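What follows is my_file-v5.tsv (TSV, C-alpha atoms and all ligand atoms).
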```tsv
chain	number	residue	atom	x	y	z
A	29	MET	CA	74.84	91.50	85.45
A	30	GLU	CA	77.16	89.24	83.39
A	31	PRO	CA	77.03	86.37	85.93
A	32	LEU	CA	73.22	86.47	85.89
A	33	LEU	CA	73.05	86.64	82.10
A	34	SER	CA	75.44	83.72	81.82
A	35	LYS	CA	73.17	81.70	84.13
A	36	GLY	CA	70.24	82.38	81.80
A	37	TYR	CA	68.47	85.04	83.88
A	38	GLU	CA	66.29	87.75	82.39
A	39	VAL	CA	67.90	90.85	83.91
A	40	HIS	CA	66.11	94.08	84.68
A	41	GLY	CA	67.66	97.20	86.11
A	42	ILE	CA	66.51	100.57	87.28
A	43	ILE	CA	68.20	103.71	86.21
A	44	ARG	CA	67.55	107.40	86.64
A	45	ARG	CA	65.99	109.06	83.61
A	46	VAL	CA	68.90	111.47	83.29
A	47	ALA	CA	71.31	108.51	82.83
A	48	LEU	CA	68.99	106.81	80.34
A	49	GLU	CA	69.14	109.91	78.19
A	50	ASP	CA	72.93	109.85	78.10
A	51	PRO	CA	73.89	106.15	77.88
A	52	GLU	CA	77.28	106.64	76.20
A	53	HIS	CA	78.54	108.65	79.10
A	54	ARG	CA	76.63	107.34	82.11
A	55	LEU	CA	76.46	103.65	81.18
A	56	SER	CA	79.85	103.30	79.54
A	57	ARG	CA	80.91	100.41	81.75
A	58	ILE	CA	77.93	98.23	80.81
A	59	LEU	CA	77.52	99.45	77.23
A	60	PRO	CA	78.51	96.12	75.58
A	61	ASN	CA	75.70	94.32	77.43
A	62	LEU	CA	73.10	97.06	77.28
A	63	HIS	CA	71.01	95.28	74.66
A	64	ARG	CA	70.81	92.20	76.92
A	65	VAL	CA	69.14	93.91	79.89
A	66	HIS	CA	65.79	95.60	80.41
A	67	LEU	CA	66.23	99.06	81.86
A	68	HIS	CA	63.44	100.93	83.64
A	69	ALA	CA	63.50	104.61	84.49
A	70	ALA	CA	63.10	104.90	88.27
A	71	SER	CA	64.78	106.62	91.16
A	72	LEU	CA	65.72	105.37	94.61
A	73	GLU	CA	64.42	108.69	95.83
A	74	SER	CA	60.85	107.96	94.70
A	75	TYR	CA	58.80	105.20	96.30
A	76	ALA	CA	56.16	105.46	93.56
A	77	SER	CA	58.68	104.74	90.82
A	78	ILE	CA	60.22	101.77	92.68
A	79	HIS	CA	56.80	100.31	93.48
A	80	GLN	CA	55.76	100.55	89.86
A	81	VAL	CA	58.84	98.70	88.53
A	82	VAL	CA	58.68	95.94	91.15
A	83	ALA	CA	54.96	95.44	90.50
A	84	GLN	CA	55.47	95.28	86.76
A	85	VAL	CA	58.59	93.07	86.64
A	86	GLN	CA	57.64	90.73	89.52
A	87	PRO	CA	61.30	89.79	90.10
A	88	ASP	CA	62.39	86.46	91.57
A	89	GLU	CA	65.59	87.98	92.93
A	90	CYS	CA	66.56	91.58	93.66
A	91	TYR	CA	70.20	92.68	94.06
A	92	HIS	CA	70.20	96.07	95.74
A	93	LEU	CA	73.61	97.53	94.99
A	94	ALA	CA	72.63	101.13	94.28
A	95	ALA	CA	73.92	103.77	96.65
A	96	GLN	CA	76.03	106.84	96.97
A	97	SER	CA	79.06	104.70	97.73
A	98	PHE	CA	82.13	106.91	97.77
A	99	VAL	CA	83.09	107.45	101.41
A	100	SER	CA	84.88	110.75	100.82
A	101	TYR	CA	81.79	112.41	99.31
A	102	SER	CA	79.73	111.21	102.20
A	103	PHE	CA	81.57	113.59	104.52
A	104	GLU	CA	80.82	116.47	102.18
A	105	ASP	CA	77.20	115.63	101.60
A	106	GLU	CA	75.87	113.73	104.58
A	107	PHE	CA	72.27	114.68	103.96
A	108	SER	CA	71.93	113.26	100.46
A	109	THR	CA	74.01	110.15	101.31
A	110	LEU	CA	71.74	109.34	104.25
A	111	ASN	CA	68.52	110.19	102.41
A	112	THR	CA	69.24	108.27	99.24
A	113	ASN	CA	70.88	105.23	100.79
A	114	ILE	CA	68.44	104.71	103.67
A	115	ASN	CA	65.21	105.61	101.88
A	116	GLY	CA	66.24	103.73	98.75
A	117	THR	CA	66.67	100.50	100.70
A	118	HIS	CA	63.45	101.04	102.60
A	119	PHE	CA	61.49	101.76	99.41
A	120	LEU	CA	62.75	98.59	97.73
A	121	LEU	CA	61.97	96.39	100.73
A	122	ALA	CA	58.54	97.94	101.16
A	123	ALA	CA	57.73	97.48	97.47
A	124	ILE	CA	58.81	93.83	97.59
A	125	ARG	CA	56.72	93.23	100.68
A	126	ASN	CA	53.70	94.88	99.09
A	127	VAL	CA	53.73	93.54	95.54
A	128	ALA	CA	56.34	90.74	95.19
A	129	PRO	CA	56.71	89.08	98.61
A	130	THR	CA	58.37	85.90	97.31
A	131	CYS	CA	61.19	87.88	95.70
A	132	ARG	CA	64.57	87.13	97.31
A	133	PHE	CA	66.44	90.28	98.30
A	134	TYR	CA	70.16	91.01	98.55
A	135	PHE	CA	71.40	94.07	100.40
A	136	ALA	CA	74.91	95.33	99.74
A	137	GLY	CA	76.26	95.91	103.22
A	138	SER	CA	79.83	97.08	103.64
A	139	SER	CA	82.92	96.71	105.80
A	140	GLU	CA	82.50	100.45	106.46
A	141	MET	CA	79.76	99.41	108.88
A	142	PHE	CA	82.50	98.18	111.24
A	143	GLY	CA	84.38	101.49	111.09
A	144	LEU	CA	86.12	101.83	114.43
A	145	ALA	CA	86.11	98.05	114.77
A	146	GLU	CA	86.61	96.53	118.16
A	147	GLU	CA	88.23	93.34	116.93
A	148	VAL	CA	90.34	92.12	114.04
A	149	PRO	CA	89.34	90.26	111.92
A	150	GLN	CA	85.67	91.19	111.76
A	151	THR	CA	82.92	88.58	111.60
A	152	GLU	CA	79.12	88.70	111.33
A	153	GLY	CA	79.12	89.04	115.13
A	154	THR	CA	81.41	92.09	115.38
A	155	ARG	CA	79.66	95.22	116.67
A	156	PHE	CA	79.12	97.99	114.12
A	157	HIS	CA	80.73	101.35	114.79
A	158	PRO	CA	80.46	103.32	111.51
A	159	ARG	CA	82.63	106.39	110.98
A	160	SER	CA	81.02	108.03	107.97
A	161	ALA	CA	77.58	108.94	106.68
A	162	TYR	CA	78.03	106.15	104.16
A	163	GLY	CA	78.77	103.64	106.94
A	164	ILE	CA	75.79	104.83	108.98
A	165	SER	CA	73.48	104.53	105.98
A	166	LYS	CA	74.70	100.97	105.41
A	167	VAL	CA	74.12	99.96	109.05
A	168	THR	CA	70.56	101.27	108.75
A	169	GLY	CA	70.03	99.40	105.48
A	170	PHE	CA	71.38	96.25	107.11
A	171	GLU	CA	68.94	96.64	110.00
A	172	LEU	CA	66.03	97.31	107.66
A	173	THR	CA	66.91	94.15	105.76
A	174	GLN	CA	67.07	92.14	108.96
A	175	ASN	CA	63.77	93.60	110.12
A	176	TYR	CA	61.95	92.77	106.88
A	177	ARG	CA	63.29	89.24	107.18
A	178	GLU	CA	62.18	88.80	110.78
A	179	ALA	CA	58.94	90.79	110.77
A	180	TYR	CA	57.57	89.98	107.30
A	181	GLY	CA	59.28	86.70	106.38
A	182	ILE	CA	61.02	88.14	103.30
A	183	HIS	CA	63.99	86.06	102.06
A	184	ALA	CA	66.31	89.04	102.64
A	185	SER	CA	70.09	88.65	103.04
A	186	SER	CA	72.98	91.06	103.56
A	187	GLY	CA	76.49	90.66	102.33
A	188	ILE	CA	79.06	92.52	104.40
A	189	LEU	CA	81.47	92.95	101.54
A	190	PHE	CA	84.98	94.21	102.10
A	191	ASN	CA	86.59	96.34	99.36
A	192	HIS	CA	86.22	94.66	96.00
A	193	GLU	CA	88.02	95.97	92.98
A	194	SER	CA	88.37	95.35	89.25
A	195	PRO	CA	89.30	97.30	86.12
A	196	ARG	CA	85.75	98.73	86.29
A	197	ARG	CA	86.30	100.46	89.62
A	198	GLY	CA	85.51	104.20	89.62
A	199	TYR	CA	88.52	106.49	89.25
A	200	GLU	CA	87.86	108.12	92.62
A	201	PHE	CA	88.79	104.94	94.53
A	202	VAL	CA	92.45	104.57	95.43
A	203	THR	CA	93.08	101.30	93.55
A	204	ARG	CA	91.85	102.66	90.22
A	205	LYS	CA	93.45	106.00	90.90
A	206	ILE	CA	96.77	104.17	91.17
A	207	SER	CA	96.30	101.81	88.20
A	208	SER	CA	95.13	104.62	85.91
A	209	GLY	CA	97.85	106.91	87.32
A	210	VAL	CA	100.52	104.37	86.37
A	211	ALA	CA	99.15	104.21	82.82
A	212	ARG	CA	99.08	108.02	82.55
A	213	ILE	CA	102.67	108.28	83.77
A	214	VAL	CA	103.85	105.63	81.30
A	215	ALA	CA	102.00	107.47	78.53
A	216	GLY	CA	103.74	110.72	79.46
A	217	LYS	CA	100.47	112.39	80.43
A	218	ALA	CA	101.48	112.88	84.08
A	219	ASN	CA	104.70	112.84	86.03
A	220	ALA	CA	103.44	112.30	89.58
A	221	LEU	CA	100.60	110.61	91.46
A	222	ARG	CA	99.20	112.41	94.47
A	223	LEU	CA	97.66	110.11	97.06
A	224	GLY	CA	96.52	110.47	100.68
A	225	ASN	CA	97.54	108.21	103.54
A	226	LEU	CA	99.89	105.56	102.13
A	227	GLU	CA	99.78	103.52	105.33
A	228	ALA	CA	95.98	103.03	105.18
A	229	GLN	CA	95.23	99.33	104.84
A	230	ARG	CA	92.35	97.52	103.25
A	231	ASP	CA	91.22	93.95	102.63
A	232	TRP	CA	90.99	94.09	98.83
A	233	GLY	CA	89.39	91.27	96.81
A	234	HIS	CA	88.22	90.79	93.24
A	235	ALA	CA	84.71	92.11	92.49
A	236	ARG	CA	83.88	89.23	90.14
A	237	GLU	CA	84.26	86.72	92.96
A	238	TYR	CA	82.26	88.83	95.42
A	239	VAL	CA	79.35	89.00	93.01
A	240	GLU	CA	79.30	85.20	92.95
A	241	ALA	CA	78.97	85.26	96.76
A	242	MET	CA	75.89	87.51	96.46
A	243	TRP	CA	74.23	85.07	94.11
A	244	LEU	CA	75.07	82.12	96.38
A	245	MET	CA	73.36	83.90	99.31
A	246	LEU	CA	70.08	84.07	97.42
A	247	GLN	CA	70.25	80.37	96.49
A	248	GLN	CA	70.24	79.28	100.16
A	249	PRO	CA	67.06	77.83	101.66
A	250	GLU	CA	67.30	80.38	104.51
A	251	PRO	CA	68.31	84.05	104.28
A	252	GLY	CA	71.25	85.31	106.35
A	253	ASP	CA	74.14	87.74	106.72
A	254	TYR	CA	77.63	86.98	105.45
A	255	VAL	CA	81.06	88.60	105.61
A	256	VAL	CA	82.83	88.35	102.24
A	257	ALA	CA	86.54	89.14	102.44
A	258	THR	CA	90.01	87.79	101.70
A	259	GLY	CA	91.25	87.94	105.30
A	260	GLU	CA	94.43	89.75	104.17
A	261	ALA	CA	95.25	93.43	104.69
A	262	HIS	CA	97.50	95.39	102.36
A	263	SER	CA	98.48	99.05	102.44
A	264	VAL	CA	97.99	101.71	99.81
A	265	ARG	CA	101.80	101.83	99.67
A	266	GLU	CA	101.99	98.10	98.80
A	267	PHE	CA	99.35	98.54	96.11
A	268	ALA	CA	101.34	101.42	94.59
A	269	GLU	CA	104.62	99.53	94.82
A	270	LEU	CA	103.25	96.49	92.96
A	271	ALA	CA	101.38	98.63	90.42
A	272	PHE	CA	104.47	100.61	89.43
A	273	ALA	CA	106.55	97.42	89.39
A	274	CYS	CA	104.21	96.04	86.69
A	275	VAL	CA	105.74	98.59	84.29
A	276	GLY	CA	109.27	98.43	85.72
A	277	LEU	CA	109.03	101.71	87.68
A	278	ASP	CA	109.82	102.54	91.31
A	279	TYR	CA	106.73	104.06	92.94
A	280	ARG	CA	108.91	106.22	95.23
A	281	GLU	CA	109.87	108.36	92.27
A	282	PHE	CA	106.28	109.22	91.42
A	283	VAL	CA	103.99	108.91	94.42
A	284	VAL	CA	103.47	111.98	96.58
A	285	SER	CA	101.51	111.80	99.84
A	286	ASP	CA	99.29	114.88	99.89
A	287	ALA	CA	97.39	115.92	103.02
A	288	ALA	CA	94.53	117.10	100.79
A	289	PHE	CA	93.58	113.44	100.23
A	290	TYR	CA	93.57	112.42	103.87
A	291	ARG	CA	90.20	111.46	105.38
A	292	PRO	CA	88.85	113.52	108.32
A	293	ALA	CA	88.27	110.23	110.16
A	294	ASP	CA	89.64	107.06	108.69
A	295	ILE	CA	88.75	103.68	110.12
A	296	ASN	CA	90.57	101.03	112.11
A	297	LEU	CA	92.11	98.03	110.45
A	298	LEU	CA	89.39	96.27	108.52
A	299	VAL	CA	90.09	92.64	107.69
A	300	GLY	CA	87.21	90.26	107.23
A	301	ASP	CA	86.79	86.70	108.40
A	302	ALA	CA	84.76	84.90	105.72
A	303	THR	CA	84.58	81.57	107.58
A	304	LYS	CA	80.77	81.52	107.47
A	305	ALA	CA	80.63	82.24	103.72
A	306	ARG	CA	83.14	79.47	103.10
A	307	ALA	CA	81.29	76.97	105.29
A	308	LYS	CA	77.69	77.73	104.28
A	309	LEU	CA	78.01	79.04	100.74
A	310	GLY	CA	81.09	77.09	99.67
A	311	TRP	CA	82.53	80.44	98.57
A	312	ARG	CA	86.27	80.77	97.91
A	313	GLN	CA	88.44	83.75	97.10
A	314	LYS	CA	90.71	82.87	94.17
A	315	THR	CA	92.51	85.98	92.89
A	316	ARG	CA	95.59	86.92	94.93
A	317	PHE	CA	96.40	90.53	95.77
A	318	ALA	CA	99.29	90.83	93.29
A	319	GLU	CA	97.12	89.37	90.50
A	320	LEU	CA	94.39	91.90	91.20
A	321	VAL	CA	96.88	94.80	91.03
A	322	ARG	CA	98.31	93.37	87.84
A	323	GLU	CA	94.90	92.95	86.17
A	324	MET	CA	93.96	96.56	86.93
A	325	VAL	CA	97.27	98.03	85.75
A	326	GLU	CA	97.20	95.87	82.62
A	327	ALA	CA	93.68	96.98	81.71
A	328	ASP	CA	94.50	100.67	82.17
A	329	CYS	CA	97.80	100.41	80.28
A	330	ARG	CA	96.13	98.65	77.35
A	331	ALA	CA	93.27	101.17	77.30
A	332	THR	CA	95.82	104.02	77.27
A	333	GLY	CA	97.80	102.41	74.43
A	334	VAL	CA	100.90	101.63	76.51
A	335	GLY	CA	100.40	97.88	76.98
A	336	ASP	CA	103.92	97.20	75.68
A	337	ALA	CA	105.38	98.77	78.84
A	338	LEU	CA	104.09	95.87	80.95
A	339	ARG	CA	106.72	93.64	82.52
A	340	GLU	CA	106.61	90.09	83.76
A	341	MET	CA	105.14	89.81	87.25
A	342	PRO	CA	108.02	89.77	89.79
A	343	ARG	CA	108.51	86.29	91.23
A	344	ASP	CA	108.10	87.45	94.83
A	345	ALA	CA	104.82	89.19	94.02
A	346	ALA	CA	102.62	86.15	94.60
A	347	VAL	CA	101.37	87.63	97.86
A	401	LIG	P1	87.00	102.97	100.71
A	401	LIG	O1	87.60	101.89	101.55
A	401	LIG	O2	85.64	102.62	100.21
A	401	LIG	O3	87.05	104.30	101.36
A	401	LIG	O4	87.91	102.99	99.38
A	401	LIG	P2	88.96	104.05	98.80
A	401	LIG	O5	89.63	103.35	97.66
A	401	LIG	O6	88.33	105.37	98.51
A	401	LIG	O7	90.01	104.27	100.00
A	401	LIG	C1	90.77	103.22	100.54
A	401	LIG	C2	91.83	103.76	101.47
A	401	LIG	O8	92.83	104.42	100.72
A	401	LIG	C3	91.32	104.80	102.49
A	401	LIG	O9	91.86	104.49	103.77
A	401	LIG	C4	91.92	106.12	102.01
A	401	LIG	O10	92.23	106.99	103.09
A	401	LIG	C5	93.20	105.62	101.36
A	401	LIG	N1	93.75	106.55	100.37
A	401	LIG	C6	95.01	107.02	100.35
A	401	LIG	N2	95.18	107.86	99.32
A	401	LIG	C7	93.99	107.94	98.67
A	401	LIG	C8	93.55	108.68	97.52
A	401	LIG	O11	94.31	109.43	96.90
A	401	LIG	N3	92.24	108.49	97.16
A	401	LIG	C9	91.40	107.64	97.84
A	401	LIG	N4	90.15	107.48	97.40
A	401	LIG	N5	91.80	106.97	98.94
A	401	LIG	C10	93.08	107.10	99.35
```

Translate this structure into structure tokens?
Amino acid sequence: MEPLLSKGYEVHGIIRRVALEDPEHRLSRILPNLHRVHLHAASLESYASIHQVVAQVQPDECYHLAAQSFVSYSFEDEFSTLNTNINGTHFLLAAIRNVAPTCRFYFAGSSEMFGLAEEVPQTEGTRFHPRSAYGISKVTGFELTQNYREAYGIHASSGILFNHESPRRGYEFVTRKISSGVARIVAGKANALRLGNLEAQRDWGHAREYVEAMWLMLQQPEPGDYVVATGEAHSVREFAELAFACVGLDYREFVVSDAAFYRPADINLLVGDATKARAKLGWRQKTRFAELVREMVEADCRATGVGDALREMPRDAAV
């Protein structure tokens, strides 16, 4: 929302009533900007509520980012992941078509749609082969978006975003688990960090830059689909190594690989090729991997009161 506010947009959001009643807890990450946005109580599970908000607000642009997005949960609760993610996208598109057909629509696709990818790196032309309920729900949302574009002429675009991280990442994701784990260890609140598969690799970029790509998509004369990625893969082990190095520690003394955190079916190497986004949107990735790790560890250390443990970034860390 900050990029839109800084561009002078009037920003509206939908939120479930239960979260609206408990803003301190549920909206903690956007609390400083809460007074600058208009929140409406609605649920992705109710077409009536979505229709009502879209009709009332008459948005010019709609960024559909809401979803059950944690892949691990989606194994445990396939039914609700599929229901919420697929119906939610369909409800929004249908409401736009019915009551705000000139609204431009962004759908948050995901690299998880590639899953068992047949080629590396992945482009907009790579076949989808999702490996989780989350991935399947995103492929369906992508196809719904494409269909509303082709069948009803809606300016509807999908971003196929590879993992994007920042100090606001949820604690259940491995990057934040590591950065907050480092801070807890430095603060003496923990003495080990239990992770799953350390060899798993991801193409990790900075969320702030990926949000800019979303906005650029909706400014194009024609809608389309775009891969947004850095094109570089790094392992969970590398992330941990750099994160611990930020505070002068050796990750090998603290990180334990625990089978309990392994995925039933992980995916093949996902690395995105953002050539189209660069050529058509003029989009560029700026933050390097080591800088991203550093920013996340720094934020968690400062928030935990151990900012003085931070060391200079190692010279060879400019990867
Ligand atoms: P995802 O790409 O959306 O699934 O993002 P995550 O941050 O949840 O996971 C990224 C990768 O890290 C996956 O391949 C996981 O298997 C791997 N991983 C290794 N250890 C952990 C862990 O302790 N927690 C999580 N969430 N992922 C882990």

Is there a way to get, as a PDB file with C-alpha atoms, in the coordinates of the input, all residues within 10 Å of the point (66.0, 108.5, 82.3) in file coordinates, counting all atoms listed in the file?
```
ATOM      1  CA  ILE A  42      66.510 100.570  87.280  1.00  0.00           C
ATOM      2  CA  ILE A  43      68.200 103.710  86.210  1.00  0.00           C
ATOM      3  CA  ARG A  44      67.550 107.400  86.640  1.00  0.00           C
ATOM      4  CA  ARG A  45      65.990 109.060  83.610  1.00  0.00           C
ATOM      5  CA  VAL A  46      68.900 111.470  83.290  1.00  0.00           C
ATOM      6  CA  ALA A  47      71.310 108.510  82.830  1.00  0.00           C
ATOM      7  CA  LEU A  48      68.990 106.810  80.340  1.00  0.00           C
ATOM      8  CA  GLU A  49      69.140 109.910  78.190  1.00  0.00           C
ATOM      9  CA  ASP A  50      72.930 109.850  78.100  1.00  0.00           C
ATOM     10  CA  PRO A  51      73.890 106.150  77.880  1.00  0.00           C
ATOM     11  CA  LEU A  67      66.230  99.060  81.860  1.00  0.00           C
ATOM     12  CA  HIS A  68      63.440 100.930  83.640  1.00  0.00           C
ATOM     13  CA  ALA A  69      63.500 104.610  84.490  1.00  0.00           C
ATOM     14  CA  ALA A  70      63.100 104.900  88.270  1.00  0.00           C
ATOM     15  CA  SER A  71      64.780 106.620  91.160  1.00  0.00           C
TER      16      SER A  71
END
```

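For the residues A:Arg322, A:Arg212, A:Arg197, A:His118, ranking by smallest atom-to-atom distance to ligand LIG 401 (chain A) using only C-alpha atoms and all ligand atoms places A:Arg197 first.
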
Notebook entry, point to check: Separation of CA of Ser139 in chain A and CA of Ser194 in chain A, in Å?
Noted result: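 Calculated distance between CA of Ser139 in chain A and CA of Ser194 in chain A is 17.5 Å.
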
Note to self: So, with all atoms listed in the file as the atoms that count, which of A:Leu55, A:Gly252, A:Ser34, A:Asn111 lies closest to Leu309 in chain A?
What the structure shows: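 The answer is A:Gly252, which sits nearest to Leu309 in chain A.
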
Residues near Gly300 in chain A, anyone? I mean within 12 Å using all atoms listed in the file, not counting same-chain ones fewer than 6 positions away, as an mmCIF file with C-alpha atoms, keeping the file's coordinate frame.
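The result, written out as around.cif:
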```
data_model
loop_
_atom_site.group_PDB
_atom_site.id
_atom_site.type_symbol
_atom_site.label_atom_id
_atom_site.label_comp_id
_atom_site.auth_asym_id
_atom_site.auth_seq_id
_atom_site.Cartn_x
_atom_site.Cartn_y
_atom_site.Cartn_z
ATOM 1 C CA SER A 138 79.830 97.080 103.640
ATOM 2 C CA SER A 139 82.920 96.710 105.800
ATOM 3 C CA GLU A 140 82.500 100.450 106.460
ATOM 4 C CA MET A 141 79.760 99.410 108.880
ATOM 5 C CA PHE A 142 82.500 98.180 111.240
ATOM 6 C CA ALA A 145 86.110 98.050 114.770
ATOM 7 C CA GLU A 147 88.230 93.340 116.930
ATOM 8 C CA VAL A 148 90.340 92.120 114.040
ATOM 9 C CA PRO A 149 89.340 90.260 111.920
ATOM 10 C CA GLN A 150 85.670 91.190 111.760
ATOM 11 C CA THR A 151 82.920 88.580 111.600
ATOM 12 C CA GLU A 152 79.120 88.700 111.330
ATOM 13 C CA GLY A 153 79.120 89.040 115.130
ATOM 14 C CA THR A 154 81.410 92.090 115.380
ATOM 15 C CA GLY A 187 76.490 90.660 102.330
ATOM 16 C CA ILE A 188 79.060 92.520 104.400
ATOM 17 C CA LEU A 189 81.470 92.950 101.540
ATOM 18 C CA PHE A 190 84.980 94.210 102.100
ATOM 19 C CA ASN A 191 86.590 96.340 99.360
ATOM 20 C CA ARG A 230 92.350 97.520 103.250
ATOM 21 C CA ASP A 231 91.220 93.950 102.630
ATOM 22 C CA TRP A 232 90.990 94.090 98.830
ATOM 23 C CA GLY A 233 89.390 91.270 96.810
ATOM 24 C CA TYR A 254 77.630 86.980 105.450
ATOM 25 C CA VAL A 255 81.060 88.600 105.610
ATOM 26 C CA VAL A 256 82.830 88.350 102.240
ATOM 27 C CA ALA A 257 86.540 89.140 102.440
ATOM 28 C CA THR A 258 90.010 87.790 101.700
ATOM 29 C CA GLY A 259 91.250 87.940 105.300
ATOM 30 C CA GLU A 260 94.430 89.750 104.170
ATOM 31 C CA ALA A 261 95.250 93.430 104.690
#
```

Checklist line | Expected answer as a VMD selection string: residues within 7 Å of ligand LIG 401 (chain A), only C-alpha atoms and all ligand atoms | finding: chain A and resid 98 to 100 191 200 to 203 205 222 to 226 228 to 230 264 289 to 291 294

Checklist line | Pick from A:Asp336, A:Glu30, A:Glu106, A:Glu266 nearest to Ile58 in chain A, counting only C-alpha atoms | finding: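 Of the candidates, the smallest distance to Ile58 in chain A is held by A:Glu30.
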
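Proximity of A:Phe272, A:Trp311, A:Phe317, A:Tyr162 to Leu110 in chain A, computed with all atoms listed in the file, is greatest for A:Tyr162.
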
To test the calculation: enclose all listed atoms of range 130-137 of chain A in a box whose edges run along x, y and z, add 5 Å on each side, then state centre and edge lengths in Å to one decimal, as lines of an AutoDock Vina configuration file.
```
center_x = 67.3
center_y = 90.9
center_z = 99.5
size_x = 27.9
size_y = 20.0
size_z = 17.5
```

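Near Ala94 in chain A, within 10 Å and counting only C-alpha atoms, sit A:Ile42, A:Ile43, A:Leu72, A:Thr112, A:Asn113, A:Gly116, A:Thr117, A:Phe135, A:Ala136; same-chain residues fewer than 6 positions away were not included.
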
Checklist line | Distance of CA of Ser263 in chain A from CA of Ala215 in chain A, expressed in Å to one decimal place | finding: 25.6 Å

12 Å contact set for Asp328 in chain A, only C-alpha atoms, chain neighbours under 5 positions out, as an mmCIF file with C-alpha atoms, in the frame of the given file:
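Saved to around.cif:
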```cif
data_model
loop_
_atom_site.group_PDB
_atom_site.id
_atom_site.type_symbol
_atom_site.label_atom_id
_atom_site.label_comp_id
_atom_site.auth_asym_id
_atom_site.auth_seq_id
_atom_site.Cartn_x
_atom_site.Cartn_y
_atom_site.Cartn_z
ATOM 1 C CA SER A 194 88.370 95.350 89.250
ATOM 2 C CA PRO A 195 89.300 97.300 86.120
ATOM 3 C CA ARG A 196 85.750 98.730 86.290
ATOM 4 C CA ARG A 197 86.300 100.460 89.620
ATOM 5 C CA TYR A 199 88.520 106.490 89.250
ATOM 6 C CA THR A 203 93.080 101.300 93.550
ATOM 7 C CA ARG A 204 91.850 102.660 90.220
ATOM 8 C CA LYS A 205 93.450 106.000 90.900
ATOM 9 C CA ILE A 206 96.770 104.170 91.170
ATOM 10 C CA SER A 207 96.300 101.810 88.200
ATOM 11 C CA SER A 208 95.130 104.620 85.910
ATOM 12 C CA GLY A 209 97.850 106.910 87.320
ATOM 13 C CA VAL A 210 100.520 104.370 86.370
ATOM 14 C CA ALA A 211 99.150 104.210 82.820
ATOM 15 C CA ARG A 212 99.080 108.020 82.550
ATOM 16 C CA ILE A 213 102.670 108.280 83.770
ATOM 17 C CA VAL A 214 103.850 105.630 81.300
ATOM 18 C CA ALA A 215 102.000 107.470 78.530
ATOM 19 C CA ALA A 271 101.380 98.630 90.420
ATOM 20 C CA CYS A 274 104.210 96.040 86.690
ATOM 21 C CA VAL A 275 105.740 98.590 84.290
ATOM 22 C CA VAL A 321 96.880 94.800 91.030
ATOM 23 C CA ARG A 322 98.310 93.370 87.840
ATOM 24 C CA GLU A 323 94.900 92.950 86.170
ATOM 25 C CA GLY A 333 97.800 102.410 74.430
ATOM 26 C CA VAL A 334 100.900 101.630 76.510
ATOM 27 C CA GLY A 335 100.400 97.880 76.980
ATOM 28 C CA ASP A 336 103.920 97.200 75.680
ATOM 29 C CA ALA A 337 105.380 98.770 78.840
ATOM 30 C CA LEU A 338 104.090 95.870 80.950
#
```
